[in-house]
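This report refers to the structure that appears directly beneath it.
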Amino acid sequence: MLVQLLYSIMALLLRKRRRPAPTVADSDQGALRFLEVGIFLVEKRMGSSRRAFLTKLARTKGFRVEEVYSDTVTHVISEQNTRDEVCEWLQAQPGPGGLDSPTLLDVSWFTESMAAGSPVVIEPRHCLVSSQCPESDACEVEGPTVPVYACQRRTALPNWNQSLTDALEILAEEADFGNSEGRSLAFSRAASVLRSLPSPVTRLEDLNSLPCFGAHSKKVVQEILEDGSSVEVQQVLHSERYRTLKLFSGIFGVGKKTADRWYQEGLRTLDDLRKKEKKLNRQQEAGLQHYTDLNSPVTRLEADEIQRVVQDAVLRFLPGAMIALTGGFRRGKQSGHDVDFLITHPKEGKEMGLLTKVVSWLSSQGLLLYHHMRQNSYKDPMEVAVQASKDRLDHFESCFSIFKLDVPNEHIESSSAGAEKLRNWKALRVDLVVTPFSQYPFALLGWTGSKHFERELRRFAVHEKKMILNSHALYDTKQNKMLPAHCEEDIFAHLGLDYILPTERNA
């Protein structure tokens with residue numbers, strides 16, 4: 001009896017050992033609740049660790065998530081990829097070849113479905129949109145279509161949704177202060193879409209057909225429409241950290257990293273900087289000294305007056321030179337925070353050495369309170385084109401200055417000691433940029449803005465056309481050559497885009 005008992009126990013142990021261990025998928029999988037939905041998460045740009053986390057999350061909520069793409073997949077989820085990229089990837093897979101087989105969706109549909117605990121209704125804003133795959137739009141949802149890229153939209157003034165875009169931009173700025181680039185871009189893109197609308201948004205349903213609107217941005221808009229303000233936005237505005245970083249980053253020459261470092265050191269006001277005798281560079285010292293003026297709006301009349309002075313100085317040394325007022329003023333704005341000029345000459349090479357002469361003369365006339373020259377560092381066109389994918393800086397000869405502009409009425413400013421001084425001039429930020437004539441169309445496009453329009457234009461070039469665009473050139477990676485342009489219209493044509501007037505680039 002004892003021997004039989006021992007044999008029975010040993011047999012039981014052997015059966016347990018032979019039983020296969022549960023796979024990761026099995027251990028993560030809850031009870032399947034949505035058999036009709038087969039999800040596949042595209043790893044490209046999402047990353048393997050995030051894909052694994054989202055897979056586990058979805059399975060615990062009863063969703064079917066496929067590890068390998070197959071004909072059982074109904075929903076393809078992508079993050080930060082264009083529809084063209086996903087289409088190209090699908091065509092290379094061994095499974096179903098038709099692009100209209102699965103629904104191609106942004107990760108926003110996935111996250112909203114996880115929050116709801118069930119598949120949410122697919123709206124146009126969830127869909128991956130592309131001009132290259134129009135015949136295979138998987139999201140057949142009625143409603144007005146708004147292009148995904150800001151460079152495909154005409155955004156003129158005025159902005160009919162100012163209160164909504166202001167709120168989203170505050171959240172974008174706060175996210176940027178926190179080095180959360182993804183969140184910052186999400187809010188900026190949602191605000192950009194609202195700016196392009198020809199009428200005010202009055203109902204939450206008005207957002208249903210809009211791209212680039214995630215659940216977070218939608219919630220903010222809903223609060224404002226229903227209550228007149230957003231609790232989150234008000235919390236940001238009253239946050240000591242946000243207000244301090246906003247104050248410090250308003251100093252000419254101070255970026256968000258420096259502003260954050262000063263905040264971490266316990267500084268909170270401009271007087272704190274002065275009392276602590278903080279070591280500042282020349283640019284920051286000038287920015288602090290003229291802080292009030294430099295953070296006051298520059299009017300169009302003031303910009304026009306500075307253009308007259310700059311033009312007289314340039315033509316004094318180089319007759320026939322061209323001077324263009326760029327930035328927000330070229331986009332039709334009546335006020336801005338600085339004044340930018342682009343200078344060139346129709347005869348290539350004539351512009352060399354001009355800026356030094358102009359700045360020297362302006363300084364001798366007492367018109368510059370501060371200036372910093374940067375030499376032209378443009379070398380190999382191919383090298384600069386590739387570098388555009390890494391940073392947004394150009395390599396032109398430039399002068400970043402604080403201009404002293406006479407004003408007709410006495411101007412009042414608080415001095416560093418707190419007393420008021422009467423004077424008849426105003427300090428303004430002025431940038432002078434010199435470009436060779438062959439690069440002028442690219443420079444004019446880049447320096448016109450808006451910042452978001454330019455960012456989207458370069459993103460469109462890379463993702464949709466496999467081209468690299470910067471303020472110097474347009475490089476076609478497929479043909480391995482630079483594409484020439486005699487005007488801005490040529491650049492848009494190379495990219496296959498309708499030409500957008502400067503006054504319609506206020507994205």
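Lettering and numbering for the structure tokens are positional, with chains as A, B, ... in the shown order, residues counted from 1 in each chain, and ligands counted from 1 in the shown order.
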
Cut-off 6 Å: closest stretch 324-387 of chain A/stretch 427-431 of chain A atom pairs per residue, using only C-alpha atoms, as CSV:
```
residue,atom,partner,partner_atom,distance
A:Asp338,CA,A:Arg429,CA,4.8
A:Val339,CA,A:Val430,CA,4.8
A:Asp340,CA,A:Asp431,CA,4.8
```

Please identify all polymer residues within 8 Å of stretch 361-369 of chain A, counting only C-alpha atoms, omitting same-chain residues fewer than 5 positions from it, and present them as a PyMOL selection string.
-> chain A and resi 286+313+401-405+427

Would you save the residues of that selection, restricted to N, CA, C and O atoms, as a PDB file, in the first residue's frame?
```pdb
ATOM      1  N   ALA A 286      20.900  93.018 -20.902  1.00  0.00           N
ATOM      2  CA  ALA A 286      20.146  93.980 -21.703  1.00  0.00           C
ATOM      3  C   ALA A 286      18.655  93.653 -21.665  1.00  0.00           C
ATOM      4  O   ALA A 286      17.808  94.553 -21.582  1.00  0.00           O
ATOM      5  N   ALA A 313      19.595 102.508 -44.087  1.00  0.00           N
ATOM      6  CA  ALA A 313      20.950 102.080 -43.743  1.00  0.00           C
ATOM      7  C   ALA A 313      21.475 101.070 -44.748  1.00  0.00           C
ATOM      8  O   ALA A 313      22.633 101.141 -45.182  1.00  0.00           O
ATOM      9  N   SER A 401      19.295  92.237 -32.095  1.00  0.00           N
ATOM     10  CA  SER A 401      19.535  93.532 -31.460  1.00  0.00           C
ATOM     11  C   SER A 401      18.340  94.034 -30.660  1.00  0.00           C
ATOM     12  O   SER A 401      17.223  93.532 -30.788  1.00  0.00           O
ATOM     13  N   ILE A 402      18.651  95.026 -29.833  1.00  0.00           N
ATOM     14  CA  ILE A 402      17.611  95.829 -29.178  1.00  0.00           C
ATOM     15  C   ILE A 402      17.745  97.223 -29.765  1.00  0.00           C
ATOM     16  O   ILE A 402      18.790  97.875 -29.629  1.00  0.00           O
ATOM     17  N   PHE A 403      16.689  97.646 -30.431  1.00  0.00           N
ATOM     18  CA  PHE A 403      16.676  98.900 -31.179  1.00  0.00           C
ATOM     19  C   PHE A 403      16.125 100.030 -30.313  1.00  0.00           C
ATOM     20  O   PHE A 403      15.199  99.821 -29.522  1.00  0.00           O
ATOM     21  N   LYS A 404      16.678 101.210 -30.472  1.00  0.00           N
ATOM     22  CA  LYS A 404      16.180 102.400 -29.767  1.00  0.00           C
ATOM     23  C   LYS A 404      15.365 103.221 -30.755  1.00  0.00           C
ATOM     24  O   LYS A 404      15.917 103.847 -31.666  1.00  0.00           O
ATOM     25  N   LEU A 405      14.061 103.216 -30.575  1.00  0.00           N
ATOM     26  CA  LEU A 405      13.161 103.903 -31.504  1.00  0.00           C
ATOM     27  C   LEU A 405      12.571 105.148 -30.850  1.00  0.00           C
ATOM     28  O   LEU A 405      11.980 105.076 -29.774  1.00  0.00           O
ATOM     29  N   ALA A 427      12.470 100.746 -26.428  1.00  0.00           N
ATOM     30  CA  ALA A 427      13.349  99.638 -26.816  1.00  0.00           C
ATOM     31  C   ALA A 427      12.523  98.540 -27.493  1.00  0.00           C
ATOM     32  O   ALA A 427      11.477  98.144 -26.980  1.00  0.00           O
TER      33      ALA A 427
END
```

Using only C-alpha atoms, determine which residues lie at most 9 Å from A:Ser450, disregarding the query and same-chain residues fewer than 6 positions distant; provide the list as a ChimeraX atom specification.
-> /A:327-328,331,505-507

In stretch 217-358 of chain A, what's alpha helix (DSSP H) per DSSP? Answer as a VMD selection string?
-> chain A and resid 217 to 227 231 to 237 240 to 249 256 to 264 270 to 275 282 to 289 291 to 294 300 to 317 327 to 330 354 to 358

Save the residues we just selected, C-alpha atoms, as a PDB file, in the first residue's frame?
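Everything below was put into part.pdb:
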```pdb
ATOM      1  CA  SER A 217      -8.134  68.839 -25.589  1.00  0.00           C
ATOM      2  CA  LYS A 218     -11.780  67.960 -26.134  1.00  0.00           C
ATOM      3  CA  LYS A 219     -12.413  68.005 -22.382  1.00  0.00           C
ATOM      4  CA  VAL A 220     -10.864  71.475 -22.053  1.00  0.00           C
ATOM      5  CA  VAL A 221     -13.044  72.836 -24.855  1.00  0.00           C
ATOM      6  CA  GLN A 222     -16.129  71.218 -23.334  1.00  0.00           C
ATOM      7  CA  GLU A 223     -15.476  72.904 -19.975  1.00  0.00           C
ATOM      8  CA  ILE A 224     -15.103  76.317 -21.593  1.00  0.00           C
ATOM      9  CA  LEU A 225     -18.231  75.905 -23.696  1.00  0.00           C
ATOM     10  CA  GLU A 226     -20.294  74.772 -20.702  1.00  0.00           C
ATOM     11  CA  ASP A 227     -18.779  76.798 -17.830  1.00  0.00           C
ATOM     12  CA  VAL A 231     -10.421  74.463 -14.164  1.00  0.00           C
ATOM     13  CA  GLU A 232      -7.129  73.013 -15.393  1.00  0.00           C
ATOM     14  CA  VAL A 233      -6.191  76.192 -17.274  1.00  0.00           C
ATOM     15  CA  GLN A 234      -6.992  78.338 -14.236  1.00  0.00           C
ATOM     16  CA  GLN A 235      -4.846  76.094 -12.058  1.00  0.00           C
ATOM     17  CA  VAL A 236      -1.943  76.538 -14.486  1.00  0.00           C
ATOM     18  CA  LEU A 237      -2.378  80.318 -14.587  1.00  0.00           C
ATOM     19  CA  GLU A 240       3.703  79.712  -9.036  1.00  0.00           C
ATOM     20  CA  ARG A 241       6.024  77.678 -11.230  1.00  0.00           C
ATOM     21  CA  TYR A 242       4.199  78.570 -14.457  1.00  0.00           C
ATOM     22  CA  ARG A 243       4.028  82.279 -13.604  1.00  0.00           C
ATOM     23  CA  THR A 244       7.711  82.359 -12.647  1.00  0.00           C
ATOM     24  CA  LEU A 245       8.931  80.522 -15.732  1.00  0.00           C
ATOM     25  CA  LYS A 246       6.717  82.727 -17.891  1.00  0.00           C
ATOM     26  CA  LEU A 247       8.264  85.806 -16.272  1.00  0.00           C
ATOM     27  CA  PHE A 248      11.878  84.656 -16.587  1.00  0.00           C
ATOM     28  CA  SER A 249      11.552  83.285 -20.124  1.00  0.00           C
ATOM     29  CA  LYS A 256      13.175  77.576 -20.467  1.00  0.00           C
ATOM     30  CA  LYS A 257      16.132  75.620 -19.029  1.00  0.00           C
ATOM     31  CA  THR A 258      17.718  78.724 -17.528  1.00  0.00           C
ATOM     32  CA  ALA A 259      14.332  79.936 -16.265  1.00  0.00           C
ATOM     33  CA  ASP A 260      13.688  76.561 -14.614  1.00  0.00           C
ATOM     34  CA  ARG A 261      17.140  76.540 -13.029  1.00  0.00           C
ATOM     35  CA  TRP A 262      16.539  79.963 -11.488  1.00  0.00           C
ATOM     36  CA  TYR A 263      13.165  78.767 -10.208  1.00  0.00           C
ATOM     37  CA  GLN A 264      14.816  75.708  -8.610  1.00  0.00           C
ATOM     38  CA  LEU A 270      12.923  90.183 -11.532  1.00  0.00           C
ATOM     39  CA  ASP A 271      13.977  91.957  -8.334  1.00  0.00           C
ATOM     40  CA  ASP A 272      15.225  88.611  -7.016  1.00  0.00           C
ATOM     41  CA  LEU A 273      17.561  88.473 -10.012  1.00  0.00           C
ATOM     42  CA  ARG A 274      18.772  92.000  -9.392  1.00  0.00           C
ATOM     43  CA  LYS A 275      19.207  91.609  -5.632  1.00  0.00           C
ATOM     44  CA  ARG A 282      25.352  90.584 -21.934  1.00  0.00           C
ATOM     45  CA  GLN A 283      22.202  89.601 -23.770  1.00  0.00           C
ATOM     46  CA  GLN A 284      20.352  88.724 -20.549  1.00  0.00           C
ATOM     47  CA  GLU A 285      21.528  91.911 -18.829  1.00  0.00           C
ATOM     48  CA  ALA A 286      20.146  93.980 -21.703  1.00  0.00           C
ATOM     49  CA  GLY A 287      16.928  91.944 -21.661  1.00  0.00           C
ATOM     50  CA  LEU A 288      16.463  92.517 -17.928  1.00  0.00           C
ATOM     51  CA  GLN A 289      17.257  96.229 -18.208  1.00  0.00           C
ATOM     52  CA  TYR A 291      12.184  94.068 -19.766  1.00  0.00           C
ATOM     53  CA  THR A 292       9.064  96.270 -19.719  1.00  0.00           C
ATOM     54  CA  ASP A 293       9.559  97.596 -23.241  1.00  0.00           C
ATOM     55  CA  LEU A 294      10.500  94.230 -24.724  1.00  0.00           C
ATOM     56  CA  ARG A 300       2.594  97.939 -37.025  1.00  0.00           C
ATOM     57  CA  LEU A 301       3.394 101.668 -37.147  1.00  0.00           C
ATOM     58  CA  GLU A 302       6.519 101.068 -35.059  1.00  0.00           C
ATOM     59  CA  ALA A 303       7.552  98.165 -37.294  1.00  0.00           C
ATOM     60  CA  ASP A 304       7.090 100.342 -40.394  1.00  0.00           C
ATOM     61  CA  GLU A 305       9.217 103.106 -38.872  1.00  0.00           C
ATOM     62  CA  ILE A 306      12.023 100.680 -38.061  1.00  0.00           C
ATOM     63  CA  GLN A 307      11.809  99.293 -41.605  1.00  0.00           C
ATOM     64  CA  ARG A 308      12.306 102.830 -42.972  1.00  0.00           C
ATOM     65  CA  VAL A 309      15.428 103.286 -40.818  1.00  0.00           C
ATOM     66  CA  VAL A 310      16.863  99.843 -41.676  1.00  0.00           C
ATOM     67  CA  GLN A 311      16.129 100.296 -45.378  1.00  0.00           C
ATOM     68  CA  ASP A 312      17.915 103.668 -45.448  1.00  0.00           C
ATOM     69  CA  ALA A 313      20.950 102.080 -43.743  1.00  0.00           C
ATOM     70  CA  VAL A 314      21.070  99.079 -46.094  1.00  0.00           C
ATOM     71  CA  LEU A 315      20.663 101.094 -49.307  1.00  0.00           C
ATOM     72  CA  ARG A 316      23.341 103.518 -48.101  1.00  0.00           C
ATOM     73  CA  PHE A 317      25.889 100.706 -48.494  1.00  0.00           C
ATOM     74  CA  GLY A 327       7.293  87.289 -39.112  1.00  0.00           C
ATOM     75  CA  GLY A 328       3.799  88.040 -37.879  1.00  0.00           C
ATOM     76  CA  PHE A 329       3.655  91.424 -39.617  1.00  0.00           C
ATOM     77  CA  ARG A 330       4.017  89.740 -43.015  1.00  0.00           C
ATOM     78  CA  LEU A 354      26.898  94.219 -45.846  1.00  0.00           C
ATOM     79  CA  LEU A 355      25.570  93.446 -42.360  1.00  0.00           C
ATOM     80  CA  THR A 356      28.764  94.545 -40.583  1.00  0.00           C
ATOM     81  CA  LYS A 357      28.600  97.934 -42.288  1.00  0.00           C
ATOM     82  CA  VAL A 358      24.893  98.382 -41.544  1.00  0.00           C
TER      83      VAL A 358
END
```

Name all residues at most 10 Å from A:Asp498 (count only C-alpha atoms; drop same-chain ones fewer than 3 positions away) and give them as a VMD selection string.
-> chain A and resid 151 to 154 489 492 to 493 495 501
